Structures are given as structure tokens and as C-alpha cells.
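Student: Take this structure first; my questions come after.
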Amino acid sequence: MTEQEIREVFREMREEPVPADSLARVRWGVEQRRRRAFSWKIAVALAMAGCIVAGFLVIRPAKAPVRTVEPVPLEIAQVQPPEEIPVRSVPRARRVRPRPQQVKTVPVLIRIETPDPDVVILLVN
Amino acid sequence: MLEAALMGDIPRETTGSFDRVVRQREAQVLRTAFRILGNWADAEDVAQETFLRLHKHRLTFSNDSAAAAWLYRVTVNLCFDRTRLKRPSLELTDMPGLDRSAEGAVLLEEKKQQLMAALATLPTKERAAVVLREIEGLSTGEVAAALGSSEVTVRSQISKAMVKLRGILTREDL
């Protein structure tokens with residue numbers, strides 16, 4: 001085969017159609033792989049979102065709990081006995097009672113006679 | 001235009017949706033991958049990966065040639081990655097032919113199979129250069145941009161490849 005013939009055969013090959021089933025397989029394969037890639041992207045995005053939420057829940061500070069405050073035991077202060085202070089005897093002031101005012105009254109004498117003639121009850125004032 | 005897009009920046013303005021680009025360019029990507037790799041299963045994988053990269057990076061193109069340039073480049077690179085892992089295999093009877101007279105069609109089909117088999121023996125870069133230049137019909141500059149090499153290198157690769165192909169096919173004719 002000469003170079004000219006080779007080039008002619010090449011030109012013939014240029015016009016050859018491609019098998020339809022091969023083209024269909026390529027289209028189908030591209031579509032499938034595109035879908036798979038899209039599914040993976042969605043799955044990865046969801047997984048990342050899940051991780052972020054989980055991480056947030058883990059590191060989030062817990063809700064402020066109701067704290068029960070233990071009563072602090074009271075410290076009993078130790079009281080030192082006071083130093084003895086020398087007691088000085090101080091003369092107590094005389095208490096002065098107010099005297100009732102003397103009311104001039106008329107003496108009352110009540111004589112009660114008993115059946116016994118020798119006994120007489122006398123009530124004075 | 002395609003060359004400029006390959007060499008320079010990827011335009012930012014959007015002209016079409018991802019699905020539209022896939023529909024417009026799937027045959028180009030699949031065919032190129034098949035010519036370089038030699039089998040449809042690997043070519044389909046490469047085509048899928050190419051379009052997924054387009055989708056992943058949310059690239060937008062101001063015109064069709066920019067999209068074509070980017071897709072050629074990514075397709076070729078993915079094919080290179082794949083051929084590093086394993087040698088290209090060859091499927092012989094997968095490409096549907098055009099309606100022709102029976103004898104002529106059979107003869108042409110036979111030549112195509114021979115050529116594909118010879119192509120599979122070339123080093124990956126030379127094979128890619130021949131596929132883009134001779135089968136896809138890109139200019140030397142566009143091929144250089146897609147392969148990430150200079151035009152001189154591409155010319156050299158194509159020249160070497162043609163010599164090798166001619167040698168292989170001449171031996172087979174004998």
C-alpha cells in the first residue's frame with residue numbers, strides 16, 4: 001500500500017459512523033456517573049451537617065441546672081470567757097419607796113355580837 | 001480557530017449546556033479514543049471520563065472549536081494514561097461501513113483492518129498524531145496543541161509513522 005493509498009483509507013475512516021450502541025453506552029455511563037457523583041455530594045454534605053450538629057450538641061454548655069445549695073454549717077464562735085473584772089463594792093443607793101399619802105380617815109369600829117355574850121367581834125377600820 | 005483555542009485560554013462565555021456539548025461531540029471523542037486505543041470498551045470509558053471532566057470543571061466555551069479543542073486534548077491525554085497501563089488491543093470488525101458495492105466494500109474494509117492493525121503497532125504518540133492529523137483532519141498546529149508538543153515534533157512523528165505504516169503494509173502485501 002502506497003502512502004497515497006494509506007491517506008485515502010484514512011480519509012474513508014474519517015467518515016465512518018460510530019456504533020450507536022457505543023454512543024448510547026457513553027451517554028448512559030455519563031448520566032449514571034453524574035448522578036452518582038451528585039448523590040455522593042449530597043451524602044457528604046449531609047454527613048458534614050450531621051457532624052457539625054453532633055459536635056455542637058457535644059460541646060454545647062449544658063442548660064444551667066437548678067443548683068441545690070448545701071447549707072453551710074454555721075460556725076459556732078468560740079466565745080472566750082470574759083476576763084474577770086474585779087468587782088468593786090459600790091454602796092447601793094437606797095431605794096426610796098414612795099410613801100403612800102396618808103389620808104386622814106375617820107376610824108371605823110364595827111361591833112359584832114355573837115350569841116355568846118362573852119364573845120364580841122370588833123372590826124376596826 | 002481550533003488551534004487558537006487549544007493554544008490559548010479556554011473562553012469563559014457559555015453558549016451551550018453540558019448535554020448539548022455531549023450530543024455534539026460524543027462521536028468525535030469516541031472515534032478518536034477508539035482509533036488510539038483500538039477497542040470500543042476502553043474508548044467508551046475514555047469518552048465517559050472526558051465528558052465527566054467537562055462536567056466536573058464546569059467548563060464553558062465561547063464557540064464550538066474551543067470545545068472541540070479541549071475535548072481532543074483531554075481525550076488524547078486519557079488515552080495516553082490508559083496505554084501506559086496496557087498495550088492497545090485491536091478489535092477488527094466493529095466499525096460499521098458505508099453502503100458500497102459489495103466487492104469494493106469488502107476490499108476497503110480489508111484495507112481498513114490492515115491499517116488499524118498497523119496503527120496499533122505504532123508508539124502511542126505517533127499513533128495519536130496520525131489519528132488526529134490524518135483521520136480527524138486537524139491541522140499540524142492543532143495536533144501539536146492537542147498533544148502538547150511542537151509542530152516540528154508532530155511533523156516528524158507523522159512522517160516516521162507513515163514510513164512505518166508503509167513498511168508494515170508493504171510487507172503484508174507481499
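Chains: A, B, ... in order of the C-alpha cells. Residues: from 1 per chain. Ligands: from 1, in order shown.
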Provide as an NGL selection string the residues of chain B at most 10 Å from chain A, counting only C-alpha atoms.

Tutor: :B and (19 or 22-23 or 26-28 or 30-32 or 34-35 or 40-41 or 43-52 or 55-56 or 94-98 or 108-109 or 111-112 or 115-116 or 130-131 or 133-137 or 162-163 or 165-173)

Student: Could you turn the residues from that selection into a file that holds N, CA and C atoms, as a short mmCIF file (atom, residue, chain, number, x, y, z; two decimals), in the first residue's frame?

Tutor:
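Wrote again_24.cif, looks like this:
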```
data_model
loop_
_atom_site.label_atom_id
_atom_site.label_comp_id
_atom_site.auth_asym_id
_atom_site.auth_seq_id
_atom_site.Cartn_x
_atom_site.Cartn_y
_atom_site.Cartn_z
N ASP B 19 -25.25 18.97 28.20
CA ASP B 19 -25.88 17.91 27.38
C ASP B 19 -25.71 18.18 25.89
N VAL B 22 -22.26 17.29 24.87
CA VAL B 22 -22.11 15.83 24.80
C VAL B 22 -22.68 15.31 23.49
N ARG B 23 -23.88 15.74 23.16
CA ARG B 23 -24.53 15.25 21.93
C ARG B 23 -23.73 15.63 20.69
N GLU B 26 -19.87 13.70 21.19
CA GLU B 26 -19.64 12.34 21.67
C GLU B 26 -19.02 11.46 20.58
N ALA B 27 -19.47 11.62 19.34
CA ALA B 27 -18.93 10.79 18.25
C ALA B 27 -17.45 11.10 18.02
N GLN B 28 -17.11 12.39 18.06
CA GLN B 28 -15.72 12.81 17.88
C GLN B 28 -14.82 12.19 18.95
N LEU B 30 -15.45 9.64 21.02
CA LEU B 30 -15.44 8.17 20.99
C LEU B 30 -14.59 7.63 19.83
N ARG B 31 -14.74 8.24 18.68
CA ARG B 31 -13.98 7.79 17.49
C ARG B 31 -12.48 7.98 17.71
N THR B 32 -12.11 9.15 18.22
CA THR B 32 -10.68 9.42 18.46
C THR B 32 -10.10 8.43 19.45
N PHE B 34 -11.22 5.48 20.14
CA PHE B 34 -11.16 4.13 19.54
C PHE B 34 -9.96 3.99 18.61
N ARG B 35 -9.69 5.04 17.83
CA ARG B 35 -8.55 4.95 16.90
C ARG B 35 -7.23 4.84 17.64
N TRP B 40 -13.40 -0.75 21.60
CA TRP B 40 -14.52 0.11 21.96
C TRP B 40 -14.74 0.24 23.46
N ALA B 41 -14.46 -0.83 24.19
CA ALA B 41 -14.71 -0.78 25.63
C ALA B 41 -13.86 0.32 26.30
N ALA B 43 -12.44 2.77 24.72
CA ALA B 43 -12.82 4.05 24.13
C ALA B 43 -14.05 4.63 24.82
N GLU B 44 -15.00 3.77 25.14
CA GLU B 44 -16.21 4.24 25.85
C GLU B 44 -15.85 4.77 27.24
N ASP B 45 -14.96 4.06 27.91
CA ASP B 45 -14.53 4.54 29.24
C ASP B 45 -13.87 5.92 29.14
N VAL B 46 -13.01 6.05 28.15
CA VAL B 46 -12.31 7.33 27.98
C VAL B 46 -13.31 8.44 27.63
N ALA B 47 -14.26 8.12 26.78
CA ALA B 47 -15.26 9.13 26.40
C ALA B 47 -16.07 9.57 27.61
N GLN B 48 -16.47 8.60 28.41
CA GLN B 48 -17.23 8.94 29.63
C GLN B 48 -16.40 9.83 30.55
N GLU B 49 -15.16 9.45 30.75
CA GLU B 49 -14.29 10.21 31.64
C GLU B 49 -14.08 11.63 31.11
N THR B 50 -13.93 11.73 29.81
CA THR B 50 -13.73 13.06 29.20
C THR B 50 -14.93 13.96 29.49
N PHE B 51 -16.13 13.44 29.28
CA PHE B 51 -17.32 14.27 29.49
C PHE B 51 -17.55 14.54 30.98
N LEU B 52 -17.19 13.60 31.80
CA LEU B 52 -17.34 13.85 33.25
C LEU B 52 -16.39 14.95 33.71
N HIS B 55 -17.90 18.12 32.80
CA HIS B 55 -18.98 18.45 33.73
C HIS B 55 -18.43 18.87 35.09
N LYS B 56 -17.43 18.16 35.55
CA LYS B 56 -16.86 18.43 36.87
C LYS B 56 -16.27 19.83 36.95
N ASP B 94 -15.69 -3.90 14.17
CA ASP B 94 -16.69 -3.16 14.93
C ASP B 94 -17.22 -1.91 14.23
N MET B 95 -16.40 -1.30 13.41
CA MET B 95 -16.82 -0.03 12.82
C MET B 95 -17.77 -0.30 11.66
N PRO B 96 -18.99 0.23 11.70
CA PRO B 96 -19.91 -0.01 10.60
C PRO B 96 -19.46 0.71 9.34
N GLY B 97 -19.53 0.06 8.21
CA GLY B 97 -19.07 0.65 6.96
C GLY B 97 -20.18 1.38 6.23
N LEU B 98 -19.82 2.11 5.19
CA LEU B 98 -20.82 2.81 4.39
C LEU B 98 -21.35 1.86 3.31
N LEU B 108 -12.23 -2.47 0.75
CA LEU B 108 -11.94 -1.29 1.59
C LEU B 108 -11.90 -1.67 3.06
N GLU B 109 -12.84 -2.51 3.42
CA GLU B 109 -12.89 -2.94 4.83
C GLU B 109 -11.62 -3.70 5.21
N LYS B 111 -8.68 -3.29 3.84
CA LYS B 111 -7.59 -2.31 3.93
C LYS B 111 -7.66 -1.56 5.26
N LYS B 112 -8.85 -1.24 5.67
CA LYS B 112 -9.03 -0.53 6.95
C LYS B 112 -8.54 -1.39 8.11
N LEU B 115 -4.86 -1.46 8.08
CA LEU B 115 -4.32 -0.17 8.53
C LEU B 115 -4.46 -0.01 10.05
N MET B 116 -5.61 -0.40 10.56
CA MET B 116 -5.81 -0.32 12.01
C MET B 116 -4.84 -1.22 12.75
N VAL B 130 -1.01 10.62 14.14
CA VAL B 130 -1.60 10.19 12.86
C VAL B 130 -3.12 10.23 12.91
N VAL B 131 -3.67 9.75 14.02
CA VAL B 131 -5.14 9.74 14.15
C VAL B 131 -5.70 11.16 14.04
N ARG B 133 -4.23 13.90 12.87
CA ARG B 133 -3.90 14.61 11.61
C ARG B 133 -4.59 13.97 10.40
N GLU B 134 -4.47 12.66 10.29
CA GLU B 134 -4.93 12.00 9.07
C GLU B 134 -6.40 11.58 9.13
N ILE B 135 -6.85 11.11 10.29
CA ILE B 135 -8.24 10.65 10.37
C ILE B 135 -9.17 11.78 10.81
N GLU B 136 -8.80 12.49 11.86
CA GLU B 136 -9.68 13.57 12.34
C GLU B 136 -9.53 14.83 11.50
N GLY B 137 -8.46 14.92 10.77
CA GLY B 137 -8.29 16.04 9.84
C GLY B 137 -7.89 17.35 10.48
N MET B 162 4.23 7.30 9.09
CA MET B 162 3.83 6.92 7.72
C MET B 162 4.84 5.94 7.12
N VAL B 163 6.10 6.20 7.40
CA VAL B 163 7.13 5.27 6.90
C VAL B 163 6.92 3.89 7.49
N LEU B 165 4.14 2.63 8.74
CA LEU B 165 2.89 2.03 8.24
C LEU B 165 3.10 1.46 6.84
N ARG B 166 3.77 2.27 6.01
CA ARG B 166 4.02 1.82 4.63
C ARG B 166 4.84 0.52 4.64
N GLY B 167 5.83 0.52 5.52
CA GLY B 167 6.67 -0.68 5.63
C GLY B 167 5.86 -1.90 6.04
N ILE B 168 5.03 -1.72 7.07
CA ILE B 168 4.21 -2.85 7.57
C ILE B 168 3.26 -3.34 6.49
N LEU B 169 2.59 -2.38 5.85
CA LEU B 169 1.56 -2.76 4.87
C LEU B 169 2.19 -3.34 3.60
N THR B 170 3.38 -2.86 3.23
CA THR B 170 4.06 -3.41 2.05
C THR B 170 4.44 -4.86 2.34
N ARG B 171 4.94 -5.11 3.56
CA ARG B 171 5.30 -6.49 3.92
C ARG B 171 4.07 -7.39 3.85
N GLU B 172 2.95 -6.86 4.32
CA GLU B 172 1.72 -7.67 4.31
C GLU B 172 1.27 -7.94 2.89
N ASP B 173 1.45 -6.93 2.00
CA ASP B 173 1.03 -7.12 0.60
C ASP B 173 1.86 -8.22 -0.07
#
```

Student: Any chance you could list, as number ranges by chain, the residues in chain A that come up strand (DSSP E) when DSSP is run on the backbone?

Tutor: A: 109-113, 120-124

Student: Expressed in Å to a single decimal, how great is the separation between CA of Ala43 (chain A) and CA of Leu54 (chain B)?

Tutor: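 Between CA of Ala43 (chain A) and CA of Leu54 (chain B) the gap is 22.3 Å.
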
Student: Would you work out the distance separating CA of Ala128 (chain B) from CA of Ser149 (chain B), expressed in Å to one decimal?

Tutor: 12.0 Å
